[in-house]
Amino acid sequence: MTLRWDVLAAIIGMALATYLCRAGGYAILRASRPPRFVQAMLQHLPGCIFVAFLAPALASGGPDTWVASLVTLAVQVVFRKLALSILTGVGTVWALQALA
Amino acid sequence: METFSRAGWLRGLRAALAITLGLSPFGLVIGVISASKGLSLTEALVMSGLTFAGSAQLVVLQLWAEPAPILAATLACLVVNLRMAPMGAALAPALDRIRGWRLWFTLAWLVDNGFALFVAEMRAGRRDVAFVLGAGMGMWVNWMTMVTVGHSLGAAVELRPGHPIFFAAVATMLAILLPIWRGRGDLAPWAASGLAAVAAAHGLGLGAPWPVLVGAFTGAGLGAWQDMRRDARA
């Protein structure tokens with residue numbers, strides 16, 4: 001049950017910095033009326049953020065990752081159940097590794 | 001249309017529960033690493049509870065030192081979590097409809113997966129911001145539980161890199177991404193985003209958050225340019 005003061009100070013810094021990121025983007029937007037190009041960009045940002053997350057991970061993954069990704073997507077398209085898609089994807093990686 | 005309802009909060013909570021398996025490995029890893037860096041369980045939980053940002057905490061723990069690196073930890077969170085700023089901005093159509101504590105308290109619970117799930121909600125015509133709060137809180141409980149488990153097991157759990165469980169995070173994002181797809185117009189922006197992110201990560205060797213930011217703004221910029229050109233012709 002120890003909580004050192006220097007660790008606590010670091011944690012408070014981390015928490016404040018993170019909240020600034022969470023709230024700051026919207027706070028700036030709310031305070032200023034952005035030009036139309038920026039508003040159009042915001043419509044596209046959500047999808048692009050996640051593609052930008054996934055692409056490097058998929059690019060550095062092997063064939064196991066690629067096959068399992070396709071299986072995950074296919075299960076999601078057919079059943080639209082996130083839990084099932086995730087479970088099937090992880091199961092596919094596990095099975096492919098066990099077979100190799 | 002509801003702007004902040006109990007029903008919305010419950011919808012968010014249920015959505016978070018559905019991806020439990022996808023969320024759990026990250027908390028486990030953070031718990032294990034926290035223990036290995038000499039953080040007490042209390043310290044690991046206070047850090048995880050207040051920061052609630054896995055990638056940033058991972059980076060901080062990698063540069064952890066004695067005494068605690070206060071400035072470096074703060075800066076690392078600022079840089080790694082910079083990606084959340086455009087997320088909050090992208091939720092403007094829903095956030096514009098609430099104010100006061102509801103707005104600023106809900107933003108404290110904004111996380112990657114909660115954001116993606118809520119974008120899918122918005123695309124389906126629902127703009128109940130309490131969804132973000134419910135999803136965030138559900139994920140927070142999972143997060144704290146798994147950090148506790150990981151810290152308690154410590155070195156006893158051996159999660160080698162490439163363990164199938166690590167695919168859970170990728171699978172979660174892939175599955176959530178699907179309902180965000182709006183049609184052919186998304187193809188070019190998404191492709192540009194992916195290519196730019198891969199180029200930044202593997203070509204230029206940049207670390208977090210730069211590949212995500214470079215990719216996201218390249219793709220969104222192309223999408224906006226497409227839209228403006230289409231509107232100009234119409």
# chains A, B, ... in the order shown; residues from 1 in each chain; ligands from 1
$ closest_atom_pairs --of "chain B" --to "chain A" --cutoff "7 Å" --atoms "only C-alpha atoms" --output "CSV"
residue,atom,partner,partner_atom,distance
B:Ala18,CA,A:Ala83,CA,5.2
B:Ile19,CA,A:Ala83,CA,5.4
B:Gly22,CA,A:Ile86,CA,6.5
B:Ser40,CA,A:Thr2,CA,6.2
B:Leu41,CA,A:Met1,CA,6.9
B:Thr42,CA,A:Met1,CA,5.5
B:Glu43,CA,A:Leu3,CA,5.6
B:Met47,CA,A:Ile11,CA,5.4
B:Leu50,CA,A:Ala15,CA,5.5
B:Thr51,CA,A:Ala15,CA,4.5
B:Pro67,CA,A:Asp6,CA,6.6
B:Ala68,CA,A:Val7,CA,5.3
B:Pro69,CA,A:Ala10,CA,6.6
B:Ile70,CA,A:Ala10,CA,4.1
B:Ala73,CA,A:Met14,CA,6.1
B:Thr74,CA,A:Met14,CA,4.5
B:Cys77,CA,A:Met14,CA,5.6
B:Leu78,CA,A:Ala17,CA,5.0
B:Asn81,CA,A:Cys21,CA,6.0
B:Leu82,CA,A:Cys21,CA,5.5
B:Met84,CA,A:Arg22,CA,5.3
B:Ala85,CA,A:Gly25,CA,3.9
B:Pro86,CA,A:Gly25,CA,5.6
B:Met87,CA,A:Pro46,CA,6.8
B:Gly88,CA,A:Tyr26,CA,4.9
B:Ala89,CA,A:Tyr26,CA,4.2
B:Ala90,CA,A:Leu42,CA,5.0
B:Ala92,CA,A:Tyr26,CA,6.9
B:Trp104,CA,A:Ala23,CA,6.9
B:Leu107,CA,A:Ala23,CA,5.7
B:Ala108,CA,A:Tyr19,CA,6.0
B:Leu110,CA,A:Arg22,CA,6.4
B:Pro164,CA,A:Trp94,CA,5.3
B:Ile165,CA,A:Val90,CA,6.2
B:Phe167,CA,A:Val90,CA,5.9
B:Ala168,CA,A:Val90,CA,5.8
B:Val170,CA,A:Leu54,CA,6.8
B:Ala171,CA,A:Ile86,CA,5.2
B:Thr172,CA,A:Ile86,CA,5.7
B:Leu174,CA,A:Leu73,CA,6.6
B:Ala175,CA,A:Gln76,CA,5.9
B:Leu177,CA,A:Gly47,CA,7.0
B:Ile180,CA,A:Gly47,CA,6.3
B:Pro189,CA,A:Cys48,CA,6.9
B:Trp190,CA,A:Cys48,CA,5.4
B:Ser193,CA,A:Ala52,CA,5.5
B:Gly194,CA,A:Ala52,CA,5.0
B:Ala197,CA,A:Ala52,CA,5.2
B:Val198,CA,A:Pro56,CA,4.8
B:Ala201,CA,A:Pro56,CA,6.4
B:Pro211,CA,A:Ala52,CA,6.8
B:Val212,CA,A:Ala52,CA,4.9
B:Gly215,CA,A:Ala52,CA,5.1
B:Ala216,CA,A:Ile49,CA,4.6
B:Gly219,CA,A:Cys48,CA,5.8
B:Ala220,CA,A:His44,CA,4.8
B:Gly221,CA,A:Met41,CA,5.7
B:Gly223,CA,A:His44,CA,6.1
B:Ala224,CA,A:Ala40,CA,4.8
$ atom_distance --atom1 "atom CA of Ala35 of chain B" --atom2 "atom CA of Asn142 of chain B"
18.3 Å
$ atom_distance --atom1 "atom CA of Gly12 of chain B" --atom2 "atom CA of Leu133 of chain B"
7.1 Å
$ closest_residue --among "B:Leu117, B:Ala44, B:Leu213, B:Met228" --to "Val80 of chain B" --atoms "only C-alpha atoms"
B:Leu213
$ residues_around --residues "Leu28 of chain B" --least-positions-apart "4" --cutoff "7 Å" --atoms "only C-alpha atoms" --output "CSV table (one decimal) with all heavy atoms, in the first residue's frame"
chain,number,residue,atom,x,y,z
B,24,SER,N,-8.8,-6.7,-22.5
B,24,SER,CA,-8.1,-7.3,-21.4
B,24,SER,C,-6.6,-7.5,-21.5
B,24,SER,O,-5.9,-7.2,-20.5
B,24,SER,CB,-8.8,-8.6,-21.0
B,24,SER,OG,-10.1,-8.4,-20.7
B,32,VAL,N,1.7,-6.3,-15.4
B,32,VAL,CA,2.9,-7.0,-15.3
B,32,VAL,C,4.1,-6.1,-15.3
B,32,VAL,O,5.0,-6.2,-14.5
B,32,VAL,CB,3.0,-8.1,-16.4
B,32,VAL,CG1,4.3,-8.7,-16.4
B,32,VAL,CG2,1.9,-9.1,-16.3
B,146,MET,N,-7.8,-5.8,-14.8
B,146,MET,CA,-6.8,-6.5,-15.5
B,146,MET,C,-5.4,-6.0,-15.0
B,146,MET,O,-4.4,-6.8,-15.0
B,146,MET,CB,-6.9,-6.4,-17.0
B,146,MET,CG,-8.1,-7.1,-17.6
B,146,MET,SD,-8.5,-8.7,-16.9
B,146,MET,CE,-7.1,-9.7,-17.5
B,147,VAL,N,-5.3,-4.7,-14.7
B,147,VAL,CA,-4.0,-4.2,-14.1
B,147,VAL,C,-3.7,-4.9,-12.8
B,147,VAL,O,-2.6,-5.3,-12.5
B,147,VAL,CB,-4.0,-2.7,-14.0
B,147,VAL,CG1,-2.8,-2.2,-13.1
B,147,VAL,CG2,-4.0,-2.0,-15.3
B,149,VAL,N,-4.9,-7.9,-11.8
B,149,VAL,CA,-4.5,-9.3,-12.1
B,149,VAL,C,-3.1,-9.3,-12.6
B,149,VAL,O,-2.3,-10.1,-12.0
B,149,VAL,CB,-5.5,-9.9,-13.1
B,149,VAL,CG1,-5.0,-11.3,-13.6
B,149,VAL,CG2,-6.9,-9.9,-12.6
B,150,GLY,N,-2.7,-8.5,-13.5
B,150,GLY,CA,-1.3,-8.5,-14.1
B,150,GLY,C,-0.3,-8.2,-13.0
B,150,GLY,O,0.7,-8.9,-12.9
$ decode --residues "segment 36-82 of chain A" --atoms "N, CA and C atoms" --output "PDB file, in the first residue's frame"
ATOM      1  N   ARG A  36     -14.226  25.719 -43.670  1.00  0.00           N
ATOM      2  CA  ARG A  36     -14.959  24.565 -44.191  1.00  0.00           C
ATOM      3  C   ARG A  36     -14.068  23.362 -44.459  1.00  0.00           C
ATOM      4  N   PHE A  37     -12.829  23.638 -44.890  1.00  0.00           N
ATOM      5  CA  PHE A  37     -11.927  22.519 -45.171  1.00  0.00           C
ATOM      6  C   PHE A  37     -11.664  21.702 -43.897  1.00  0.00           C
ATOM      7  N   VAL A  38     -11.473  22.411 -42.769  1.00  0.00           N
ATOM      8  CA  VAL A  38     -11.226  21.730 -41.491  1.00  0.00           C
ATOM      9  C   VAL A  38     -12.457  20.933 -41.076  1.00  0.00           C
ATOM     10  N   GLN A  39     -13.649  21.523 -41.282  1.00  0.00           N
ATOM     11  CA  GLN A  39     -14.881  20.799 -40.939  1.00  0.00           C
ATOM     12  C   GLN A  39     -15.032  19.531 -41.780  1.00  0.00           C
ATOM     13  N   ALA A  40     -14.659  19.629 -43.052  1.00  0.00           N
ATOM     14  CA  ALA A  40     -14.724  18.446 -43.917  1.00  0.00           C
ATOM     15  C   ALA A  40     -13.718  17.400 -43.452  1.00  0.00           C
ATOM     16  N   MET A  41     -12.537  17.856 -43.022  1.00  0.00           N
ATOM     17  CA  MET A  41     -11.521  16.922 -42.525  1.00  0.00           C
ATOM     18  C   MET A  41     -12.031  16.159 -41.306  1.00  0.00           C
ATOM     19  N   LEU A  42     -12.727  16.869 -40.420  1.00  0.00           N
ATOM     20  CA  LEU A  42     -13.217  16.235 -39.194  1.00  0.00           C
ATOM     21  C   LEU A  42     -14.174  15.087 -39.507  1.00  0.00           C
ATOM     22  N   GLN A  43     -14.919  15.220 -40.612  1.00  0.00           N
ATOM     23  CA  GLN A  43     -15.822  14.142 -41.017  1.00  0.00           C
ATOM     24  C   GLN A  43     -15.027  12.881 -41.369  1.00  0.00           C
ATOM     25  N   HIS A  44     -13.840  13.087 -41.894  1.00  0.00           N
ATOM     26  CA  HIS A  44     -13.040  11.946 -42.360  1.00  0.00           C
ATOM     27  C   HIS A  44     -12.088  11.404 -41.297  1.00  0.00           C
ATOM     28  N   LEU A  45     -11.823  12.216 -40.254  1.00  0.00           N
ATOM     29  CA  LEU A  45     -10.808  11.811 -39.276  1.00  0.00           C
ATOM     30  C   LEU A  45     -11.069  10.477 -38.571  1.00  0.00           C
ATOM     31  N   PRO A  46     -12.299  10.220 -38.075  1.00  0.00           N
ATOM     32  CA  PRO A  46     -12.479   9.001 -37.277  1.00  0.00           C
ATOM     33  C   PRO A  46     -11.985   7.739 -37.976  1.00  0.00           C
ATOM     34  N   GLY A  47     -12.481   7.477 -39.181  1.00  0.00           N
ATOM     35  CA  GLY A  47     -12.066   6.270 -39.888  1.00  0.00           C
ATOM     36  C   GLY A  47     -10.562   6.269 -40.131  1.00  0.00           C
ATOM     37  N   CYS A  48     -10.048   7.413 -40.577  1.00  0.00           N
ATOM     38  CA  CYS A  48      -8.622   7.503 -40.921  1.00  0.00           C
ATOM     39  C   CYS A  48      -7.729   7.259 -39.711  1.00  0.00           C
ATOM     40  N   ILE A  49      -8.159   7.721 -38.523  1.00  0.00           N
ATOM     41  CA  ILE A  49      -7.356   7.506 -37.315  1.00  0.00           C
ATOM     42  C   ILE A  49      -7.166   6.009 -37.086  1.00  0.00           C
ATOM     43  N   PHE A  50      -8.259   5.255 -37.250  1.00  0.00           N
ATOM     44  CA  PHE A  50      -8.158   3.828 -36.944  1.00  0.00           C
ATOM     45  C   PHE A  50      -7.413   3.045 -38.022  1.00  0.00           C
ATOM     46  N   VAL A  51      -7.571   3.467 -39.264  1.00  0.00           N
ATOM     47  CA  VAL A  51      -6.784   2.835 -40.321  1.00  0.00           C
ATOM     48  C   VAL A  51      -5.300   3.093 -40.063  1.00  0.00           C
ATOM     49  N   ALA A  52      -4.979   4.316 -39.626  1.00  0.00           N
ATOM     50  CA  ALA A  52      -3.583   4.659 -39.362  1.00  0.00           C
ATOM     51  C   ALA A  52      -3.027   3.895 -38.163  1.00  0.00           C
ATOM     52  N   PHE A  53      -3.897   3.515 -37.240  1.00  0.00           N
ATOM     53  CA  PHE A  53      -3.512   2.662 -36.112  1.00  0.00           C
ATOM     54  C   PHE A  53      -3.169   1.265 -36.596  1.00  0.00           C
ATOM     55  N   LEU A  54      -4.081   0.736 -37.439  1.00  0.00           N
ATOM     56  CA  LEU A  54      -4.023  -0.670 -37.820  1.00  0.00           C
ATOM     57  C   LEU A  54      -2.951  -0.964 -38.865  1.00  0.00           C
ATOM     58  N   ALA A  55      -2.795  -0.050 -39.829  1.00  0.00           N
ATOM     59  CA  ALA A  55      -1.929  -0.342 -40.969  1.00  0.00           C
ATOM     60  C   ALA A  55      -0.501  -0.741 -40.562  1.00  0.00           C
ATOM     61  N   PRO A  56       0.184   0.026 -39.695  1.00  0.00           N
ATOM     62  CA  PRO A  56       1.547  -0.389 -39.323  1.00  0.00           C
ATOM     63  C   PRO A  56       1.567  -1.738 -38.609  1.00  0.00           C
ATOM     64  N   ALA A  57       0.549  -2.007 -37.765  1.00  0.00           N
ATOM     65  CA  ALA A  57       0.496  -3.282 -37.045  1.00  0.00           C
ATOM     66  C   ALA A  57       0.313  -4.437 -38.025  1.00  0.00           C
ATOM     67  N   LEU A  58      -0.554  -4.237 -39.026  1.00  0.00           N
ATOM     68  CA  LEU A  58      -0.790  -5.290 -40.011  1.00  0.00           C
ATOM     69  C   LEU A  58       0.426  -5.467 -40.912  1.00  0.00           C
ATOM     70  N   ALA A  59       1.086  -4.343 -41.255  1.00  0.00           N
ATOM     71  CA  ALA A  59       2.249  -4.410 -42.143  1.00  0.00           C
ATOM     72  C   ALA A  59       3.399  -5.180 -41.484  1.00  0.00           C
ATOM     73  N   SER A  60       3.534  -5.063 -40.167  1.00  0.00           N
ATOM     74  CA  SER A  60       4.645  -5.753 -39.506  1.00  0.00           C
ATOM     75  C   SER A  60       4.244  -7.150 -39.031  1.00  0.00           C
ATOM     76  N   GLY A  61       2.939  -7.490 -39.157  1.00  0.00           N
ATOM     77  CA  GLY A  61       2.498  -8.837 -38.790  1.00  0.00           C
ATOM     78  C   GLY A  61       2.787  -9.814 -39.916  1.00  0.00           C
ATOM     79  N   GLY A  62       2.749 -11.102 -39.618  1.00  0.00           N
ATOM     80  CA  GLY A  62       3.014 -12.122 -40.628  1.00  0.00           C
ATOM     81  C   GLY A  62       1.727 -12.633 -41.248  1.00  0.00           C
ATOM     82  N   PRO A  63       1.830 -13.705 -42.071  1.00  0.00           N
ATOM     83  CA  PRO A  63       0.659 -14.302 -42.706  1.00  0.00           C
ATOM     84  C   PRO A  63      -0.425 -14.709 -41.689  1.00  0.00           C
ATOM     85  N   ASP A  64      -0.010 -15.168 -40.501  1.00  0.00           N
ATOM     86  CA  ASP A  64      -0.988 -15.525 -39.466  1.00  0.00           C
ATOM     87  C   ASP A  64      -1.906 -14.345 -39.178  1.00  0.00           C
ATOM     88  N   THR A  65      -1.279 -13.172 -38.996  1.00  0.00           N
ATOM     89  CA  THR A  65      -2.033 -11.958 -38.674  1.00  0.00           C
ATOM     90  C   THR A  65      -2.982 -11.603 -39.809  1.00  0.00           C
ATOM     91  N   TRP A  66      -2.500 -11.720 -41.052  1.00  0.00           N
ATOM     92  CA  TRP A  66      -3.326 -11.327 -42.197  1.00  0.00           C
ATOM     93  C   TRP A  66      -4.534 -12.240 -42.354  1.00  0.00           C
ATOM     94  N   VAL A  67      -4.293 -13.554 -42.243  1.00  0.00           N
ATOM     95  CA  VAL A  67      -5.404 -14.506 -42.355  1.00  0.00           C
ATOM     96  C   VAL A  67      -6.417 -14.254 -41.243  1.00  0.00           C
ATOM     97  N   ALA A  68      -5.912 -14.104 -40.011  1.00  0.00           N
ATOM     98  CA  ALA A  68      -6.807 -13.889 -38.873  1.00  0.00           C
ATOM     99  C   ALA A  68      -7.584 -12.575 -39.025  1.00  0.00           C
ATOM    100  N   SER A  69      -6.957 -11.564 -39.627  1.00  0.00           N
ATOM    101  CA  SER A  69      -7.651 -10.285 -39.843  1.00  0.00           C
ATOM    102  C   SER A  69      -8.819 -10.465 -40.797  1.00  0.00           C
ATOM    103  N   LEU A  70      -8.574 -11.223 -41.885  1.00  0.00           N
ATOM    104  CA  LEU A  70      -9.648 -11.475 -42.850  1.00  0.00           C
ATOM    105  C   LEU A  70     -10.788 -12.260 -42.196  1.00  0.00           C
ATOM    106  N   VAL A  71     -10.426 -13.252 -41.366  1.00  0.00           N
ATOM    107  CA  VAL A  71     -11.442 -14.046 -40.674  1.00  0.00           C
ATOM    108  C   VAL A  71     -12.259 -13.137 -39.745  1.00  0.00           C
ATOM    109  N   THR A  72     -11.558 -12.271 -38.994  1.00  0.00           N
ATOM    110  CA  THR A  72     -12.239 -11.351 -38.071  1.00  0.00           C
ATOM    111  C   THR A  72     -13.247 -10.478 -38.827  1.00  0.00           C
ATOM    112  N   LEU A  73     -12.792  -9.898 -39.950  1.00  0.00           N
ATOM    113  CA  LEU A  73     -13.664  -9.029 -40.746  1.00  0.00           C
ATOM    114  C   LEU A  73     -14.864  -9.804 -41.285  1.00  0.00           C
ATOM    115  N   ALA A  74     -14.609 -11.023 -41.793  1.00  0.00           N
ATOM    116  CA  ALA A  74     -15.684 -11.835 -42.371  1.00  0.00           C
ATOM    117  C   ALA A  74     -16.731 -12.159 -41.313  1.00  0.00           C
ATOM    118  N   VAL A  75     -16.285 -12.555 -40.120  1.00  0.00           N
ATOM    119  CA  VAL A  75     -17.223 -12.891 -39.044  1.00  0.00           C
ATOM    120  C   VAL A  75     -18.028 -11.662 -38.645  1.00  0.00           C
ATOM    121  N   GLN A  76     -17.363 -10.495 -38.622  1.00  0.00           N
ATOM    122  CA  GLN A  76     -18.068  -9.258 -38.265  1.00  0.00           C
ATOM    123  C   GLN A  76     -19.112  -8.895 -39.324  1.00  0.00           C
ATOM    124  N   VAL A  77     -18.753  -9.089 -40.607  1.00  0.00           N
ATOM    125  CA  VAL A  77     -19.691  -8.778 -41.698  1.00  0.00           C
ATOM    126  C   VAL A  77     -20.935  -9.662 -41.579  1.00  0.00           C
ATOM    127  N   VAL A  78     -20.725 -10.954 -41.307  1.00  0.00           N
ATOM    128  CA  VAL A  78     -21.842 -11.894 -41.297  1.00  0.00           C
ATOM    129  C   VAL A  78     -22.682 -11.778 -40.022  1.00  0.00           C
ATOM    130  N   PHE A  79     -22.015 -11.782 -38.844  1.00  0.00           N
ATOM    131  CA  PHE A  79     -22.777 -11.882 -37.594  1.00  0.00           C
ATOM    132  C   PHE A  79     -22.953 -10.545 -36.871  1.00  0.00           C
ATOM    133  N   ARG A  80     -22.092  -9.570 -37.156  1.00  0.00           N
ATOM    134  CA  ARG A  80     -22.166  -8.258 -36.488  1.00  0.00           C
ATOM    135  C   ARG A  80     -22.155  -8.370 -34.976  1.00  0.00           C
ATOM    136  N   LYS A  81     -21.372  -9.294 -34.448  1.00  0.00           N
ATOM    137  CA  LYS A  81     -21.202  -9.435 -32.998  1.00  0.00           C
ATOM    138  C   LYS A  81     -19.720  -9.248 -32.692  1.00  0.00           C
ATOM    139  N   LEU A  82     -19.376  -8.117 -32.014  1.00  0.00           N
ATOM    140  CA  LEU A  82     -17.970  -7.813 -31.777  1.00  0.00           C
ATOM    141  C   LEU A  82     -17.257  -8.913 -30.986  1.00  0.00           C
TER     142      LEU A  82
END
